[in-house]
$ cat model-v3.txt   # compact mmCIF, C-alpha atoms (C1' of nucleotides)
# COMPACT_ATOMS: atom_id res chain seq x y z
CA MET S 180 131.33 49.58 108.66
CA ALA S 181 130.16 51.05 105.41
CA THR S 182 133.27 49.61 103.82
CA ASP S 183 132.71 46.15 105.25
CA ALA S 184 133.20 43.59 102.57
CA ALA S 185 129.88 41.93 103.21
CA SER S 186 127.94 45.17 103.06
CA THR S 187 129.31 46.14 99.65
CA PRO S 188 128.45 43.22 97.38
CA ALA S 189 131.36 42.70 95.01
CA LYS S 190 130.44 43.14 91.38
CA LEU S 191 132.14 41.32 88.57
CA GLU S 192 133.01 44.42 86.57
CA ASP S 193 134.47 46.15 89.64
CA GLN S 194 137.11 43.46 90.11
CA LEU S 195 140.67 44.08 89.01
CA CYS S 196 141.12 40.33 88.75
CA PHE S 197 138.30 40.05 86.23
CA ALA S 198 139.59 43.06 84.28
CA LEU S 199 142.95 41.32 83.94
CA TYR S 200 141.38 37.94 83.17
CA SER S 201 139.00 39.23 80.51
CA THR S 202 141.56 41.58 78.97
CA SER S 203 144.17 38.88 78.74
CA ARG S 204 141.67 36.64 76.96
CA ALA S 205 140.64 39.50 74.64
CA ILE S 206 144.25 40.10 73.63
CA THR S 207 144.78 36.38 73.15
CA ALA S 208 141.76 36.41 70.86
CA ALA S 209 143.18 39.40 69.00
CA TYR S 210 146.35 37.42 68.33
CA ARG S 211 144.46 34.27 67.37
CA GLU S 212 143.65 35.01 63.74
CA GLY S 213 147.10 36.29 62.82
CA LEU S 214 148.93 33.52 64.66
CA SER S 215 146.70 30.77 63.29
CA GLN S 216 147.75 31.82 59.80
CA LEU S 217 151.29 31.09 60.95
CA GLY S 218 150.09 27.76 62.32
CA ILE S 219 150.67 28.49 66.00
CA THR S 220 148.69 29.31 69.14
CA TYR S 221 149.21 32.20 71.53
CA PRO S 222 150.99 30.20 74.28
CA GLN S 223 153.19 28.66 71.58
CA TYR S 224 153.98 32.19 70.38
CA LEU S 225 155.04 33.16 73.91
CA VAL S 226 157.40 30.19 74.09
CA LEU S 227 158.84 31.16 70.70
CA LEU S 228 159.27 34.77 71.89
CA ARG S 229 161.51 33.45 74.62
CA LEU S 230 163.43 31.22 72.23
CA TRP S 231 164.00 34.09 69.79
CA GLU S 232 165.59 35.93 72.73
CA ARG S 233 167.75 33.01 73.85
CA LYS S 234 168.63 30.47 71.23
CA LYS S 235 168.75 27.57 73.69
CA CYS S 236 166.53 27.02 76.69
CA THR S 237 165.95 24.06 78.92
CA VAL S 238 162.37 23.16 79.70
CA SER S 239 162.79 24.56 83.19
CA ASP S 240 164.27 27.79 81.77
CA LEU S 241 161.09 28.22 79.75
CA GLY S 242 159.04 27.28 82.77
CA ALA S 243 160.71 29.99 84.85
CA ALA S 244 160.30 32.62 82.13
CA LEU S 245 156.63 31.84 81.52
CA ALA S 246 155.65 30.55 84.97
CA LEU S 247 154.44 27.32 83.41
CA ASP S 248 155.24 23.82 84.59
CA SER S 249 156.22 20.76 82.61
CA GLY S 250 152.62 19.57 82.55
CA THR S 251 151.88 22.47 80.24
CA LEU S 252 155.21 22.80 78.47
CA SER S 253 155.88 19.16 77.63
CA PRO S 254 152.89 18.69 75.31
CA LEU S 255 153.22 22.25 73.98
CA LEU S 256 156.86 21.67 73.04
CA LYS S 257 155.93 18.34 71.51
CA ARG S 258 153.50 20.18 69.24
CA LEU S 259 156.10 22.82 68.34
CA GLU S 260 158.50 19.99 67.56
CA SER S 261 156.03 18.18 65.33
CA LEU S 262 155.42 21.50 63.56
CA GLY S 263 159.15 21.56 62.81
CA LEU S 264 159.71 24.82 64.71
CA VAL S 265 161.89 23.55 67.55
CA GLN S 266 164.07 20.58 68.33
CA LYS S 267 164.67 18.91 71.68
CA VAL S 268 167.97 17.35 72.68
CA ARG S 269 168.98 15.79 75.97
CA ALA S 270 171.98 17.57 77.49
CA PRO S 271 175.00 15.25 77.20
CA ASN S 272 176.39 16.26 80.59
CA ASP S 273 173.05 15.88 82.36
CA GLU S 274 170.61 13.47 80.80
CA ARG S 275 167.75 14.86 82.87
CA THR S 276 167.69 18.24 81.15
CA VAL S 277 166.19 18.78 77.71
CA VAL S 278 167.60 21.64 75.66
CA VAL S 279 165.04 23.23 73.33
CA SER S 280 166.33 25.14 70.32
CA LEU S 281 164.85 26.67 67.19
CA THR S 282 164.99 25.09 63.77
CA GLN S 283 165.61 27.34 60.79
CA THR S 284 161.84 27.33 60.18
CA GLY S 285 161.33 28.43 63.76
CA LYS S 286 163.87 31.23 63.40
CA ASP S 287 162.29 32.38 60.16
CA LEU S 288 158.92 32.71 61.86
CA GLU S 289 160.09 35.62 64.02
CA SER S 290 159.77 38.28 61.36
CA ASP S 291 156.30 37.06 60.39
CA THR S 292 155.02 37.67 63.90
CA ALA S 293 156.06 41.34 63.96
CA LYS S 294 153.10 42.43 61.86
CA VAL S 295 150.62 40.50 64.00
CA ARG S 296 152.09 42.03 67.14
CA HIS S 297 151.93 45.51 65.65
CA LEU S 298 148.26 45.13 64.72
CA VAL S 299 147.34 44.00 68.23
CA GLU S 300 149.33 46.84 69.77
CA CYS S 301 147.44 49.32 67.62
CA SER S 302 144.12 47.77 68.63
CA THR S 303 144.79 48.68 72.26
CA GLY S 304 144.30 52.35 71.39
CA LEU S 305 147.34 53.24 73.50
CA SER S 306 150.56 55.00 72.54
CA GLU S 307 153.83 53.16 72.90
CA SER S 308 154.64 54.97 76.14
CA GLU S 309 151.17 54.35 77.54
CA ILE S 310 151.59 50.65 76.75
CA ASN S 311 154.89 50.62 78.63
CA ASP S 312 153.47 52.46 81.62
CA LEU S 313 150.56 50.07 81.87
CA ARG S 314 152.83 47.07 81.40
CA GLU S 315 155.02 48.22 84.28
CA SER S 316 152.04 48.78 86.54
CA VAL S 317 150.69 45.33 85.76
CA GLN S 318 154.10 43.70 86.23
CA THR S 319 154.42 45.38 89.62
CA VAL S 320 151.10 43.88 90.68
CA ARG S 321 152.23 40.48 89.43
CA ASP S 322 155.50 40.68 91.34
CA HIS S 323 153.71 41.67 94.54
CA VAL S 324 151.16 38.88 94.21
CA VAL S 325 153.75 36.25 93.34
CA ALA S 326 155.90 37.30 96.30
CA HIS S 327 152.88 37.05 98.55
CA ILE S 328 152.04 33.54 97.35
CA THR S 329 155.60 32.29 97.75
CA VAL S 330 155.77 33.50 101.35
CA MET R 127 164.30 52.60 60.81
CA ALA R 128 165.68 52.03 64.22
CA THR R 129 162.12 51.46 65.44
CA ASP R 130 161.34 48.93 62.73
CA ALA R 131 159.71 45.91 64.27
CA ALA R 132 162.23 43.50 62.77
CA SER R 133 165.22 45.49 64.00
CA THR R 134 164.03 45.54 67.62
CA PRO R 135 163.56 41.90 68.59
CA ALA R 136 160.52 41.65 70.82
CA LYS R 137 161.27 40.38 74.29
CA LEU R 138 158.80 38.41 76.35
CA GLU R 139 158.99 40.65 79.40
CA ASP R 140 158.51 43.79 77.31
CA GLN R 141 155.11 42.64 76.07
CA LEU R 142 151.96 44.09 77.60
CA CYS R 143 150.13 40.97 76.48
CA PHE R 144 152.46 38.75 78.53
CA ALA R 145 152.25 41.08 81.52
CA LEU R 146 148.46 40.71 81.44
CA TYR R 147 148.60 36.96 80.80
CA SER R 148 151.09 36.21 83.57
CA THR R 149 149.48 38.60 86.05
CA SER R 150 146.03 37.18 85.47
CA ARG R 151 147.39 33.69 86.11
CA ALA R 152 149.24 34.89 89.22
CA ILE R 153 146.05 36.36 90.66
CA THR R 154 144.13 33.21 89.78
CA ALA R 155 146.79 31.28 91.68
CA ALA R 156 146.44 33.67 94.61
CA TYR R 157 142.71 32.91 94.73
CA ARG R 158 143.22 29.16 94.32
CA GLU R 159 143.98 28.17 97.89
CA GLY R 160 141.18 30.18 99.48
CA LEU R 161 138.60 29.18 96.90
CA SER R 162 139.54 25.51 96.98
CA GLN R 163 138.70 25.52 100.68
CA LEU R 164 135.24 26.62 99.61
CA GLY R 165 135.21 23.84 97.02
CA ILE R 166 135.22 26.04 93.92
CA THR R 167 137.59 27.15 91.18
CA TYR R 168 138.35 30.69 90.06
CA PRO R 169 136.16 30.64 86.90
CA GLN R 170 133.36 29.17 89.01
CA TYR R 171 133.85 32.04 91.47
CA LEU R 172 133.49 34.55 88.63
CA VAL R 173 130.22 32.95 87.55
CA LEU R 174 128.99 33.07 91.14
CA LEU R 175 130.01 36.75 91.41
CA ARG R 176 127.66 37.46 88.54
CA LEU R 177 124.88 35.40 90.09
CA TRP R 178 125.23 37.16 93.44
CA GLU R 179 124.66 40.39 91.51
CA ARG R 180 121.67 39.13 89.57
CA LYS R 181 119.70 36.34 91.12
CA LYS R 182 118.70 34.80 87.80
CA CYS R 183 120.77 34.60 84.63
CA THR R 184 120.37 32.67 81.44
CA VAL R 185 123.41 30.85 80.14
CA SER R 186 123.82 33.48 77.45
CA ASP R 187 123.54 36.27 80.05
CA LEU R 188 126.49 34.72 81.84
CA GLY R 189 128.26 34.25 78.55
CA ALA R 190 127.88 37.95 77.75
CA ALA R 191 129.03 39.05 81.21
CA LEU R 192 132.09 36.80 81.21
CA ALA R 193 132.78 36.61 77.46
CA LEU R 194 132.60 32.83 77.65
CA ASP R 195 130.69 30.56 75.30
CA SER R 196 128.49 27.59 76.08
CA GLY R 197 131.37 25.23 75.44
CA THR R 198 132.95 26.57 78.61
CA LEU R 199 129.84 27.43 80.60
CA SER R 200 127.78 24.28 80.08
CA PRO R 201 130.19 21.92 81.83
CA LEU R 202 131.13 24.57 84.42
CA LEU R 203 127.47 25.09 85.35
CA LYS R 204 126.97 21.35 85.45
CA ARG R 205 129.73 21.17 88.07
CA LEU R 206 128.25 24.06 90.06
CA GLU R 207 124.91 22.27 89.92
CA SER R 208 126.36 18.98 91.13
CA LEU R 209 128.03 20.93 93.95
CA GLY R 210 124.54 22.10 94.94
CA LEU R 211 125.38 25.78 94.43
CA VAL R 212 123.10 26.56 91.48
CA GLN R 213 120.05 25.13 89.82
CA LYS R 214 119.09 25.17 86.15
CA VAL R 215 115.53 25.45 84.89
CA ARG R 216 114.23 25.74 81.35
CA ALA R 217 112.25 28.95 80.84
CA PRO R 218 108.56 28.03 80.44
CA ASN R 219 107.95 30.71 77.81
CA ASP R 220 111.02 29.79 75.80
CA GLU R 221 112.23 26.25 76.15
CA ARG R 222 115.54 27.10 74.53
CA THR R 223 116.77 29.25 77.38
CA VAL R 224 118.09 27.84 80.64
CA VAL R 225 117.70 30.05 83.70
CA VAL R 226 120.49 29.60 86.23
CA SER R 227 119.78 30.59 89.83
CA LEU R 228 121.48 30.19 93.19
CA THR R 229 120.52 27.63 95.78
CA GLN R 230 120.57 28.68 99.41
CA THR R 231 123.99 27.05 99.69
CA GLY R 232 125.14 29.11 96.74
CA LYS R 233 123.81 32.30 98.30
CA ASP R 234 125.46 31.52 101.61
CA LEU R 235 128.83 31.17 99.91
CA GLU R 236 128.98 34.88 99.06
CA SER R 237 130.07 36.06 102.48
CA ASP R 238 132.76 33.37 102.67
CA THR R 239 134.44 34.71 99.56
CA ALA R 240 134.85 38.24 100.93
CA LYS R 241 137.83 37.31 103.06
CA VAL R 242 139.56 35.52 100.18
CA ARG R 243 139.01 38.54 97.95
CA HIS R 244 140.35 40.89 100.59
CA LEU R 245 143.53 38.87 101.05
CA VAL R 246 144.23 38.85 97.32
CA GLU R 247 143.55 42.58 97.08
CA CYS R 248 146.05 43.19 99.85
CA SER R 249 148.63 41.02 98.11
CA THR R 250 148.62 43.39 95.12
CA GLY R 251 150.36 46.03 97.24
CA LEU R 252 148.04 48.69 95.84
CA SER R 253 145.64 51.01 97.60
CA GLU R 254 141.94 50.80 96.84
CA SER R 255 142.12 53.82 94.56
CA GLU R 256 145.19 52.51 92.78
CA ILE R 257 143.37 49.24 92.18
CA ASN R 258 140.46 51.13 90.67
CA ASP R 259 142.67 53.26 88.47
CA LEU R 260 144.50 50.24 87.15
CA ARG R 261 141.25 48.36 86.65
CA GLU R 262 139.86 51.19 84.55
CA SER R 263 143.00 51.39 82.44
CA VAL R 264 142.91 47.66 81.80
CA GLN R 265 139.19 47.72 81.02
CA THR R 266 139.76 50.50 78.51
CA VAL R 267 142.36 48.39 76.73
CA ARG R 268 139.96 45.45 76.73
CA ASP R 269 137.15 47.53 75.27
CA HIS R 270 139.39 48.89 72.54
CA VAL R 271 140.71 45.44 71.63
CA VAL R 272 137.26 43.84 71.66
CA ALA R 273 135.86 46.61 69.46
CA HIS R 274 138.74 46.10 67.06
CA ILE R 275 138.13 42.35 66.83
CA THR R 276 134.41 42.73 66.27
CA VAL R 277 134.96 45.11 63.34
C1' DC W 115 99.71 27.67 57.96
C1' DA W 116 104.40 26.60 56.05
C1' DC W 117 109.09 26.91 56.29
C1' DA W 118 113.47 29.14 56.12
C1' DA W 119 116.39 31.75 59.12
C1' DT W 120 117.71 32.66 63.77
C1' DT W 121 118.46 31.81 68.56
C1' DT W 122 119.84 28.98 72.45
C1' DA W 123 122.33 25.20 74.91
C1' DG W 124 124.72 21.38 74.55
C1' DT W 125 128.44 18.28 72.51
C1' DT W 126 132.92 17.16 70.53
C1' DG W 127 137.72 17.81 69.75
C1' DT W 128 142.06 20.40 70.45
C1' DG W 129 145.02 22.98 73.36
C1' DT W 130 146.29 24.94 77.42
C1' DA W 131 146.84 25.25 82.96
C1' DC W 132 147.96 22.96 87.02
C1' DA W 133 148.22 19.42 90.92
C1' DA W 134 150.06 15.10 91.81
C1' DT W 135 152.75 11.36 90.60
C1' DT W 136 156.42 8.87 88.17
C1' DA W 137 160.89 7.71 86.27
C1' DA W 138 165.41 8.74 85.23
C1' DC W 139 169.38 10.91 86.53
C1' DC W 140 172.61 13.51 89.43
C1' DT W 141 174.84 14.64 93.94
C1' DT W 142 176.19 14.05 98.48
C1' DA W 143 177.28 11.71 102.75
C1' DC W 144 179.03 8.02 104.58
C1' DG J 122 180.83 2.45 96.05
C1' DT J 123 176.26 2.96 97.53
C1' DA J 124 172.13 4.45 99.53
C1' DA J 125 169.45 8.78 100.47
C1' DG J 126 167.90 12.85 98.88
C1' DG J 127 167.28 16.19 95.34
C1' DT J 128 166.55 17.69 90.42
C1' DT J 129 164.47 17.31 85.81
C1' DA J 130 161.00 16.18 82.44
C1' DA J 131 157.24 13.48 81.41
C1' DT J 132 152.65 11.53 82.52
C1' DT J 133 147.97 11.46 84.41
C1' DG J 134 143.69 13.48 85.70
C1' DT J 135 140.63 17.57 86.23
C1' DA J 136 139.06 21.95 84.64
C1' DC J 137 138.91 25.58 81.74
C1' DA J 138 138.79 28.08 76.74
C1' DC J 139 137.29 28.02 72.25
C1' DA J 140 136.09 26.48 67.39
C1' DA J 141 132.91 23.78 65.02
C1' DC J 142 128.90 21.34 64.99
C1' DT J 143 124.25 19.56 66.53
C1' DA J 144 119.53 19.69 68.13
C1' DA J 145 115.62 21.88 69.63
C1' DA J 146 112.74 25.83 69.85
C1' DT J 147 111.29 30.33 68.26
C1' DT J 148 110.58 34.00 64.96
C1' DG J 149 109.83 36.13 60.63
C1' DT J 150 107.88 36.10 56.07
C1' DG J 151 104.97 34.97 52.45
$ encode --input "model-v3.txt" --output "structure tokens"
Amino acid sequence: MATDAASTPAKLEDQLCFALYSTSRAITAAYREGLSQLGITYPQYLVLLRLWERKKCTVSDLGAALALDSGTLSPLLKRLESLGLVQKVRAPNDERTVVVSLTQTGKDLESDTAKVRHLVECSTGLSESEINDLRESVQTVRDHVVAHITV
Amino acid sequence: MATDAASTPAKLEDQLCFALYSTSRAITAAYREGLSQLGITYPQYLVLLRLWERKKCTVSDLGAALALDSGTLSPLLKRLESLGLVQKVRAPNDERTVVVSLTQTGKDLESDTAKVRHLVECSTGLSESEINDLRESVQTVRDHVVAHITV
DNA sequence: CACAATTTAGTTGTGTACAATTAACCTTAC
DNA sequence: GTAAGGTTAATTGTACACAACTAAATTGTG
């Protein structure tokens, strides 16, 4: 009874969900200045990260990798296209799918982001192995929660 | 040189930032169904969490607790007000500040959220102590990153 | 008192997130 | 072949986030 949810009023700072929410936004903010000098936003950077890994992605490939739907990706990709960083082409064998690929400008941007990423990693105050341990713990939580939602 | 940033192409799933970003959104999604039955969104729930802790908050108090600015909070509080969950009153001694407080309906909502919170906590697959350990690790990262930005 | 600097919310504009819907295209069953 | 059902991306509408700006009120200083 002492551990009854109603008897222990939940505090904002005690919530794992808020820790993740506020920390994610803090890291996004840490990326903001460096990325804005490259002309891109943080979600755009994440999409580019995926494209630097795999030269060609369909919109749904990107959606699966980032867990974002076309309502988010369509306008985001339109902005990346108008920035000249990616190009979109309808697949000839299936006119429904749109293949997104990097332009040369988009490819060239990869090396510029390494310094920004390094600065943010340093700002965490963690060693490389500590970063990886924490990342794995957080990913495990994500996978559990996602599996629970899907069920 | 093997660890040079340019020579080790960064992958999306290897990034702590993406782990935090995607996990935060997954947990928000896990809260969505339960909270929508109570008529509120996840950011609104976070604001209410703070108000259940402290009966009265100014807008800037809430902004400091949540790291959100008035551009986010003003419309959010307007929606909570139109839902009848909070009320806003100008402080008589300082007409600039707006004191936000809970209505009875807003107070009554607290107990209803406990079950939603418990379900999401269970979906993480972690014990209570594991949740707390992870929360503290994530908060430490946040505090480091925020301190680094402010400098 | 006067008045510049600061504080506080609110507003505006851009860019995500996400649910719900739409439109075009593909596939399958018949 | 064609109609039904499924897939894919785009669109629409609501709600955050956040930068930049505005307006009103307070404070500090001479």
$ closest_atom_pairs --input "model-v3.txt" --of "chain W" --to "chain S" --cutoff "7 Å" --atoms "only C-alpha atoms (C1' of nucleotides)" --output "Markdown table"
| residue | atom | partner | partner_atom | distance |
| --- | --- | --- | --- | --- |
| W:DT130 | C1' | S:Thr251 | CA | 6.7 |
| W:DA131 | C1' | S:Thr251 | CA | 6.4 |
| W:DA138 | C1' | S:Arg275 | CA | 7.0 |
| W:DC139 | C1' | S:Arg275 | CA | 5.6 |
$ closest_residue --input "model-v3.txt" --among "W:DT128, W:DT135, W:DT142, W:DT120" --to "DG149 (chain J)" --atoms "all atoms listed in the file"
W:DT120
$ closest_residue --input "model-v3.txt" --among "R:Ile257, R:Ala240, R:Val225, R:Ile166" --to "chain J" --atoms "all atoms listed in the file"
R:Ile166
$ interface_residues --input "model-v3.txt" --of "chain R" --to "chain S" --cutoff "6 Å" --atoms "all atoms listed in the file" --output "list in words"
Ala131, Ala132, Leu138, Leu142, Ala145, Leu146, Tyr147, Thr149, Ser150, Leu175, Arg176, Ser237, Ala240, Ser249, Thr250, Arg261, Gln265, Val267, Arg268, His270, Val271 and His274 of chain R
$ atom_distance --input "model-v3.txt" --atom1 "CA of Leu228 (chain R)" --atom2 "CA of Gln213 (chain R)"
6.2 Å
$ closest_atom_pairs --input "model-v3.txt" --of "chain J" --to "chain S" --cutoff "10 Å" --atoms "only C-alpha atoms (C1' of nucleotides)" --output "tab-separated table"
residue	atom	partner	partner_atom	distance
J:DT128	C1'	S:Arg275	CA	8.2
J:DT129	C1'	S:Arg275	CA	5.0
J:DA130	C1'	S:Ser249	CA	6.6
J:DA131	C1'	S:Ser253	CA	7.0
J:DT132	C1'	S:Gly250	CA	8.0
J:DT133	C1'	S:Gly250	CA	9.5
J:DA138	C1'	S:Arg204	CA	9.0
J:DC139	C1'	S:Ala208	CA	9.6
$ atom_distance --input "model-v3.txt" --atom1 "CA of Thr231 (chain R)" --atom2 "C1' of DA133 (chain W)"
26.9 Å
$ atom_distance --input "model-v3.txt" --atom1 "CA of Pro218 (chain R)" --atom2 "CA of Lys233 (chain R)"
23.9 Å
$ residues_around --input "model-v3.txt" --residues "DA119 (chain W)" --least-positions-apart "3" --cutoff "12 Å" --atoms "only C-alpha atoms (C1' of nucleotides)" --output "PyMOL selection string"
chain J and resi 147-150
$ axis_aligned_box --input "model-v3.txt" --around "region 119-132 of chain W" --padding-each-side "5 Å" --output "AutoDock Vina command-line options"
--center_x 132.2 --center_y 24.9 --center_z 73.1 --size_x 41.6 --size_y 25.5 --size_z 37.9
